[in-house]
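J.: Let me begin by handing over the structure; questions about it come next.
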Amino acid sequence: MKAGGGGVESSGLRVSDVAFGSVERSSRRSGVIGRVVMMLGLAGSACVGEAATAYEAVVGPIFRARCAGCHGAEKQKGKLALHTWERVVQGGDSGPLWVAGKPDESELVRRLKLPNDDEEHMPPADEPQLSAEEMALLVRWIERGASEKVLVEELKLEPALARAVAELPKKLAEVEQAAGPSAEVAHAVDASTVERNRAPLAAKVAQLQRRFPGALSYESRSSATLRFTAAGLGRDFGDTELAELAAVGDAVDLLDISGTAVTEKAAEVLGRFPNVRVLRMGFTAVGDAVARAIGRLERVEVVVLTETGVTEGGWAEVAKAKGLKKFHVGVARAEEARRAGLPVVEIGMPAPAAEEGK
Amino acid sequence: MNDLQKLMGEYEQARVGALTRRHFLQTCTTGLGAMWLASTAARGAGKLNFARPAAEPLAPLPPQFAAKAKRVIYLHMAGAPSQLELFDYKPDLARLDGKDCPQSFLEGKRFAFISGVPKMLGPQFPFHRAGKSGLWMSDRMPFLEQHVDDLCIIKSMRTDEFNHAPAQLLLHTGSPRLGSASMGSWVTYGLGTENQNLPGYIVLVSGGKTPDGGKGLWGSGFLPSVYQGVQCRAKGDPVLFLSNPEGVARDERRRVLDAIGDINREAYQQHGDPETLTRIAQYELAFRMQVSASEAMDLSKESAAVHARYGTKPGTESFSNNCLLARRLAERGVRFIQLYHWGWDSHGTSDQTNLKSGFAEMCRGVDRPIAALLADLKERGLLDETLVVWGGEFGRTPMRENRNGQEMKFIGRDHHPGAFTIWMAGGGVKPGMSYGETDDVGYDIVKNPVEVRDLQATMLRLLGFDHHKLSVPFQGLDQKITGVKPTRVVREVIA
């Protein structure tokens, strides 16, 4: 999953967050949005002529993919950090990174151009090296003043370099994939960004975490996306509690209320979880009204309705959920759900009746 | 000396002891203590913070990265099943059956029991390609075969240890010696648990024997002991002495715990020993578990259809029961569920350890319940977020065991650390794939070796952690389960 988004839209996802890579990359729910924004912000910038700045679209991503493993949020070798603009302009032990307009006098370019075996060459010889195009892009950017405001179009890129910019996100994603998790750490959001993304719902989340111990948590340390599971609450969780949870419904990506006391009344509340991607309601008393409500959830991808009161007619309602990829229903009713067009997951075990009795 | 005097004497001694220690620590803040503080603070830069409220050591914490796997069910086949009879198909070995083992295999090698020149031993059961993925399987696991397209089979595992106890310890704690923290402890330390009324890390043992590695296999090592595995029993109280003694009512128990809690909190104020907090938390968890654990472990609540699927009989100790319990615990949000099932040590010294009979019987015993567990997880949509791991602590030799250089009555294989097979399913692993290769007879790894620590790092990655970051300082070293040797996350098996 190589998406750029991660914040919740309502918490103010900005193009710059994505381009900066400062919002967690691997979130799934806002993955689609993230990817679209990323394409506008990065790949599209050269041709579409969006107002994306060269730092956001080109320089920042190169720094973070190529350098931030040692010069980032985690480690700051030579007191240099390249994961945010604020730190980039501070430079490191060797002083500022560049002299605006003069690439040949810039420390950054000098280090990059030194022979690989030179001790001062960057990146170190045993790390992946910048491509010729990436170097050319950095040089061009310094020529044009190397400010945060320089736009991609102001770099006046010839076709080969423009193509390189378009391919940059894919290329850098591969570099990071190969580099392993440490690169992802370098990408991790600084604490203040996390806090900002979580802020709109933070008080409510904290209150609900006290109300439902162990059940509500963020998807990761740098994400504002929520997951809820009633696994530890069981029958103590019902329709009233689901309505309480709906206060943070916008941010919930995974809602697991299997085995709870929720009923058909849940149908009225499900709409308040518009971004839910995984919805588990197995082993509950829900019925066709809930099936209809699920059919209206635009983002839902995985639904579990094993052992519920949904009738055969209800499956067609569930099937209206356009994004549905996996449907779990249990062997007994798999066939009828499949007939209604649902993407039923193979259980791979025959119904007990069909087996030799034991 | 009367009792009162004795009591006062002890009190005085305790008081002075506490004062002296505090006095020492106070003066230390400018000397040694300050140096220690400074070094911890420096090491703390860029570290993940695992701090929780004192009363909630098992409160959930988000993983470092967004991850698919939220929990682990580890099915450990203690004794080490033969990969050559189950997953690692070697037709060339069949052709060499009965021939003397080449000297090149024996030079510089040490075996647990093989001596002299053993004979090669071909696969004892027929193999075929299974499922849409066409993975090789023998005919010993027909039920599991129905899930073959969900399995990620790693055939290139290797370990440093060739005896059961150290190999099990290495696999589950990262060290072949006692005293390190187990994987389940690390994971519950890192992620906490979703059900605050059950332990986050539960261990279920079957096969009539505690695994050779002993209870250290689920120890918490240098982590607070609240993170150690809790072994549950199949009969009676799931946890020993969980019920109130006769004549003690629940509210009475509550009052006792409140009083003890007050004293413990005072002790913590004075001495600051985190184990005191563990003690308080354990008492509280046990109080809540008096209700919830009995419910979770009660198999009689399951329908006849479910029992037919697993082949379970409530009230007995069996691997089948433990698989069904594993599903019930997963449903209830337990973070790490560890099963040990003894009986795979197929040396060929008796009918029980004969590949042709005892081993086949073991296969029959686990095949159906494992398949049922995977089916149940799929029905509930839980396999996506549950990482299921199956495997032993090492592999078996492609040579037939010849204890004391003699041909034996039954057919068996010796311990083999050089190559073994495990599989994973669910929790974000690539389904329907085979990873790594052994040579033509399954003796050495020829492609994509996976060390035990690589497996551990990969499991942690699937759970959302960089294995370097899940660490605690202890004895001057940032301890982590993968140790200090170079370790690789096997990204190729991550979906």
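By convention here, the chains of the structure tokens are called A, B, ... in the order presented, each chain's residues are numbered starting at 1, and ligands are numbered starting at 1 in the order presented.
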I'd like the contact shell of Pro343 in chain A - 9 Å cut-off, only C-alpha atoms, skipping same-chain residues fewer than 2 positions apart - returned as a list in words.
T.: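 The neighbour list is Ala319, Leu324, Lys325, Lys326, Phe327, His328, Ala337, Arg338, Gly341 and Val345 of chain A.
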J.: If you keep N, CA and C atoms, can you produce a file of those selected residues as a PDB file, in the first residue's frame?
T.:
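Produced file again.pdb, reproduced below:
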ATOM      1  N   ALA A 319     -25.521  -6.100  -1.435  1.00  0.00           N
ATOM      2  CA  ALA A 319     -24.762  -6.082  -2.688  1.00  0.00           C
ATOM      3  C   ALA A 319     -24.740  -4.700  -3.337  1.00  0.00           C
ATOM      4  N   LEU A 324     -17.738  -3.094  -2.245  1.00  0.00           N
ATOM      5  CA  LEU A 324     -17.592  -4.349  -1.499  1.00  0.00           C
ATOM      6  C   LEU A 324     -16.665  -5.340  -2.216  1.00  0.00           C
ATOM      7  N   LYS A 325     -15.650  -5.817  -1.482  1.00  0.00           N
ATOM      8  CA  LYS A 325     -14.701  -6.761  -2.077  1.00  0.00           C
ATOM      9  C   LYS A 325     -14.794  -8.138  -1.455  1.00  0.00           C
ATOM     10  N   LYS A 326     -15.086  -8.185  -0.168  1.00  0.00           N
ATOM     11  CA  LYS A 326     -15.131  -9.478   0.516  1.00  0.00           C
ATOM     12  C   LYS A 326     -16.363  -9.535   1.404  1.00  0.00           C
ATOM     13  N   PHE A 327     -17.075 -10.645   1.295  1.00  0.00           N
ATOM     14  CA  PHE A 327     -18.261 -10.812   2.109  1.00  0.00           C
ATOM     15  C   PHE A 327     -18.180 -12.137   2.861  1.00  0.00           C
ATOM     16  N   HIS A 328     -18.278 -12.078   4.178  1.00  0.00           N
ATOM     17  CA  HIS A 328     -18.177 -13.276   5.017  1.00  0.00           C
ATOM     18  C   HIS A 328     -19.557 -13.623   5.570  1.00  0.00           C
ATOM     19  N   ALA A 337     -26.064 -16.244  -0.735  1.00  0.00           N
ATOM     20  CA  ALA A 337     -25.461 -14.906  -0.822  1.00  0.00           C
ATOM     21  C   ALA A 337     -24.712 -14.751  -2.142  1.00  0.00           C
ATOM     22  N   ARG A 338     -24.086 -15.833  -2.583  1.00  0.00           N
ATOM     23  CA  ARG A 338     -23.355 -15.789  -3.847  1.00  0.00           C
ATOM     24  C   ARG A 338     -24.340 -15.538  -5.001  1.00  0.00           C
ATOM     25  N   GLY A 341     -25.104 -12.115  -5.819  1.00  0.00           N
ATOM     26  CA  GLY A 341     -24.017 -11.323  -6.385  1.00  0.00           C
ATOM     27  C   GLY A 341     -22.990 -10.847  -5.384  1.00  0.00           C
ATOM     28  N   VAL A 345     -16.502 -14.995   0.576  1.00  0.00           N
ATOM     29  CA  VAL A 345     -15.180 -15.589   0.803  1.00  0.00           C
ATOM     30  C   VAL A 345     -15.342 -17.097   0.987  1.00  0.00           C
TER      31      VAL A 345
END
J.: Can you check which residues of range 141-353 of chain A DSSP gives as strand (DSSP E or B) on the backbone and send them as a list in words?
T.: Leu151, Leu216, Ser217, Tyr218, Leu226, Arg227, Phe228, Thr229, Val252, Asp253, Leu254, Leu255, Asp256, Val278, Leu279, Arg280, Val302, Val303, Val304, Lys326, Phe327, His328 and Val344 of chain A
J.: I need the chosen residues saved as a compact mmCIF listing (two decimals), in the first residue's frame, with N, CA and C atoms.
T.:
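Once written, selection16.txt looks like this:
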# COMPACT_ATOMS: atom_id res chain seq x y z
N LEU A 151 8.01 27.25 -7.99
CA LEU A 151 7.04 26.28 -8.49
C LEU A 151 7.71 25.33 -9.47
N LEU A 216 -11.23 1.11 21.53
CA LEU A 216 -11.07 2.15 20.50
C LEU A 216 -9.61 2.57 20.43
N SER A 217 -9.00 2.43 19.27
CA SER A 217 -7.60 2.85 19.17
C SER A 217 -7.30 3.40 17.78
N TYR A 218 -6.21 4.16 17.72
CA TYR A 218 -5.77 4.68 16.44
C TYR A 218 -5.11 3.54 15.66
N LEU A 226 -9.36 5.69 13.12
CA LEU A 226 -9.71 4.90 14.30
C LEU A 226 -10.17 3.50 13.94
N ARG A 227 -9.93 2.58 14.86
CA ARG A 227 -10.48 1.23 14.76
C ARG A 227 -11.23 0.95 16.05
N PHE A 228 -12.38 0.31 15.89
CA PHE A 228 -13.14 -0.04 17.09
C PHE A 228 -13.46 -1.51 17.07
N THR A 229 -13.23 -2.19 18.18
CA THR A 229 -13.64 -3.57 18.29
C THR A 229 -14.32 -3.81 19.63
N VAL A 252 -13.79 6.43 11.82
CA VAL A 252 -13.67 4.98 12.04
C VAL A 252 -13.51 4.24 10.72
N ASP A 253 -12.46 3.47 10.63
CA ASP A 253 -12.12 2.72 9.43
C ASP A 253 -12.55 1.27 9.57
N LEU A 254 -12.42 0.75 10.80
CA LEU A 254 -12.78 -0.64 11.08
C LEU A 254 -13.74 -0.66 12.25
N LEU A 255 -14.90 -1.27 12.04
CA LEU A 255 -15.91 -1.34 13.09
C LEU A 255 -16.27 -2.81 13.29
N ASP A 256 -15.82 -3.37 14.40
CA ASP A 256 -16.08 -4.78 14.68
C ASP A 256 -17.04 -4.86 15.86
N VAL A 278 -14.05 -1.73 6.95
CA VAL A 278 -14.29 -3.10 7.40
C VAL A 278 -15.40 -3.06 8.43
N LEU A 279 -16.45 -3.82 8.19
CA LEU A 279 -17.60 -3.82 9.09
C LEU A 279 -17.95 -5.25 9.47
N ARG A 280 -17.81 -5.57 10.75
CA ARG A 280 -18.12 -6.92 11.20
C ARG A 280 -19.33 -6.88 12.13
N VAL A 302 -15.20 -4.69 3.22
CA VAL A 302 -15.30 -6.01 3.83
C VAL A 302 -16.49 -6.02 4.79
N VAL A 303 -17.39 -6.96 4.62
CA VAL A 303 -18.56 -7.05 5.51
C VAL A 303 -18.68 -8.47 6.04
N VAL A 304 -18.94 -8.59 7.34
CA VAL A 304 -19.17 -9.89 7.96
C VAL A 304 -20.61 -9.93 8.49
N LYS A 326 -15.09 -8.18 -0.17
CA LYS A 326 -15.13 -9.48 0.52
C LYS A 326 -16.36 -9.53 1.40
N PHE A 327 -17.08 -10.64 1.30
CA PHE A 327 -18.26 -10.81 2.11
C PHE A 327 -18.18 -12.14 2.86
N HIS A 328 -18.28 -12.08 4.18
CA HIS A 328 -18.18 -13.28 5.02
C HIS A 328 -19.56 -13.62 5.57
N VAL A 344 -18.59 -13.61 -1.90
CA VAL A 344 -18.47 -14.44 -0.70
C VAL A 344 -17.08 -15.08 -0.60
J.: Find the residues near range 129-138 of chain B: any atom within 7 Å, counting only C-alpha atoms, skip ones fewer than 6 places away on the same chain, and give them as a list of chain:residue names.
T.: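 Those residues are B:Glu85, B:Leu86, B:Phe87, B:Tyr89, B:Glu145, B:Val148, B:Asp149, B:Gly432, B:Ser434.
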J.: List as JSON lines every residue of chain B that is in contact with chain A, defined as an atom at most 7 Å from one of its atoms (using only C-alpha atoms), together with the nearest atom pair and the distance in Å rounded to one decimal, sorted by chain and then rising number.
T.:
{"residue": "B:Gly46", "atom": "CA", "partner": "A:Glu74", "partner_atom": "CA", "distance": 5.1}
{"residue": "B:Ala59", "atom": "CA", "partner": "A:Gly214", "partner_atom": "CA", "distance": 6.0}
{"residue": "B:Pro60", "atom": "CA", "partner": "A:Gly214", "partner_atom": "CA", "distance": 5.7}
{"residue": "B:Pro62", "atom": "CA", "partner": "A:Ser220", "partner_atom": "CA", "distance": 4.7}
{"residue": "B:Pro63", "atom": "CA", "partner": "A:Ser220", "partner_atom": "CA", "distance": 4.9}
{"residue": "B:Gln64", "atom": "CA", "partner": "A:Arg221", "partner_atom": "CA", "distance": 5.2}
{"residue": "B:Phe65", "atom": "CA", "partner": "A:Ser220", "partner_atom": "CA", "distance": 5.1}
{"residue": "B:Ala66", "atom": "CA", "partner": "A:Ser220", "partner_atom": "CA", "distance": 4.8}
{"residue": "B:Gln146", "atom": "CA", "partner": "A:Gly348", "partner_atom": "CA", "distance": 5.0}
{"residue": "B:His147", "atom": "CA", "partner": "A:Gly348", "partner_atom": "CA", "distance": 5.7}
{"residue": "B:Thr193", "atom": "CA", "partner": "A:Gly214", "partner_atom": "CA", "distance": 6.6}
{"residue": "B:Glu194", "atom": "CA", "partner": "A:Gly214", "partner_atom": "CA", "distance": 4.4}
{"residue": "B:Asn195", "atom": "CA", "partner": "A:Gly232", "partner_atom": "CA", "distance": 4.0}
{"residue": "B:Gln196", "atom": "CA", "partner": "A:Gly214", "partner_atom": "CA", "distance": 6.3}
{"residue": "B:Ala305", "atom": "CA", "partner": "A:Pro352", "partner_atom": "CA", "distance": 5.9}
{"residue": "B:Ala308", "atom": "CA", "partner": "A:Lys358", "partner_atom": "CA", "distance": 5.9}
{"residue": "B:Arg309", "atom": "CA", "partner": "A:Pro352", "partner_atom": "CA", "distance": 5.8}
{"residue": "B:Gly311", "atom": "CA", "partner": "A:Lys358", "partner_atom": "CA", "distance": 6.6}
{"residue": "B:Glu331", "atom": "CA", "partner": "A:Ala231", "partner_atom": "CA", "distance": 6.0}
{"residue": "B:Arg332", "atom": "CA", "partner": "A:Ala231", "partner_atom": "CA", "distance": 4.5}
{"residue": "B:Gly333", "atom": "CA", "partner": "A:Ala231", "partner_atom": "CA", "distance": 5.0}
{"residue": "B:Ala375", "atom": "CA", "partner": "A:Ile347", "partner_atom": "CA", "distance": 5.3}
{"residue": "B:Lys378", "atom": "CA", "partner": "A:Ile347", "partner_atom": "CA", "distance": 6.0}
{"residue": "B:Glu379", "atom": "CA", "partner": "A:Gly330", "partner_atom": "CA", "distance": 4.8}
{"residue": "B:Arg380", "atom": "CA", "partner": "A:Val304", "partner_atom": "CA", "distance": 6.4}
{"residue": "B:Gly381", "atom": "CA", "partner": "A:Val304", "partner_atom": "CA", "distance": 6.0}
{"residue": "B:Asp466", "atom": "CA", "partner": "A:Pro181", "partner_atom": "CA", "distance": 6.0}
J.: Could you give me, as a ChimeraX atom specification, the residues within 9 Å of range 135-145 of chain A, counting only C-alpha atoms and dropping anything in the same chain fewer than 4 positions from it?
T.: /A:54-55,58-59,62,98-104,106,109,112-113,130-131,150,152,154-157,161,164-165
J.: Restrict the selected residues to C-alpha atoms and save them as an mmCIF file, in the first residue's frame.
T.:
data_model
loop_
_atom_site.group_PDB
_atom_site.id
_atom_site.type_symbol
_atom_site.label_atom_id
_atom_site.label_comp_id
_atom_site.auth_asym_id
_atom_site.auth_seq_id
_atom_site.Cartn_x
_atom_site.Cartn_y
_atom_site.Cartn_z
ATOM 1 C CA ALA A 54 9.196 22.244 -6.518
ATOM 2 C CA TYR A 55 10.047 21.518 -2.903
ATOM 3 C CA VAL A 58 10.374 17.078 -6.184
ATOM 4 C CA VAL A 59 12.998 18.071 -3.662
ATOM 5 C CA ILE A 62 13.953 13.014 -2.887
ATOM 6 C CA TRP A 98 23.183 25.506 -0.682
ATOM 7 C CA VAL A 99 23.968 28.979 -1.931
ATOM 8 C CA ALA A 100 20.859 30.129 -3.777
ATOM 9 C CA GLY A 101 21.443 30.332 -7.524
ATOM 10 C CA LYS A 102 24.919 28.805 -7.269
ATOM 11 C CA PRO A 103 24.861 25.024 -7.338
ATOM 12 C CA ASP A 104 28.630 24.861 -7.783
ATOM 13 C CA SER A 106 26.589 24.480 -2.653
ATOM 14 C CA VAL A 109 25.881 19.427 -4.696
ATOM 15 C CA LEU A 112 26.612 14.444 -4.126
ATOM 16 C CA LYS A 113 29.197 14.884 -6.874
ATOM 17 C CA LEU A 130 20.634 9.283 -6.499
ATOM 18 C CA SER A 131 19.817 8.901 -10.171
ATOM 19 C CA VAL A 150 9.704 28.032 -6.430
ATOM 20 C CA VAL A 152 7.667 23.192 -10.554
ATOM 21 C CA GLU A 154 9.457 27.691 -12.871
ATOM 22 C CA LEU A 155 12.150 25.021 -13.098
ATOM 23 C CA LYS A 156 11.568 25.110 -16.879
ATOM 24 C CA LEU A 157 12.199 21.419 -17.214
ATOM 25 C CA LEU A 161 13.459 15.881 -16.649
ATOM 26 C CA ALA A 164 11.598 12.048 -14.448
ATOM 27 C CA VAL A 165 9.404 14.212 -12.208
#
J.: Quick one, how far is CA of Ser115 in chain B from CA of Thr397 in chain B?
T.: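 That distance, rounded to one decimal, is 12.6 Å.
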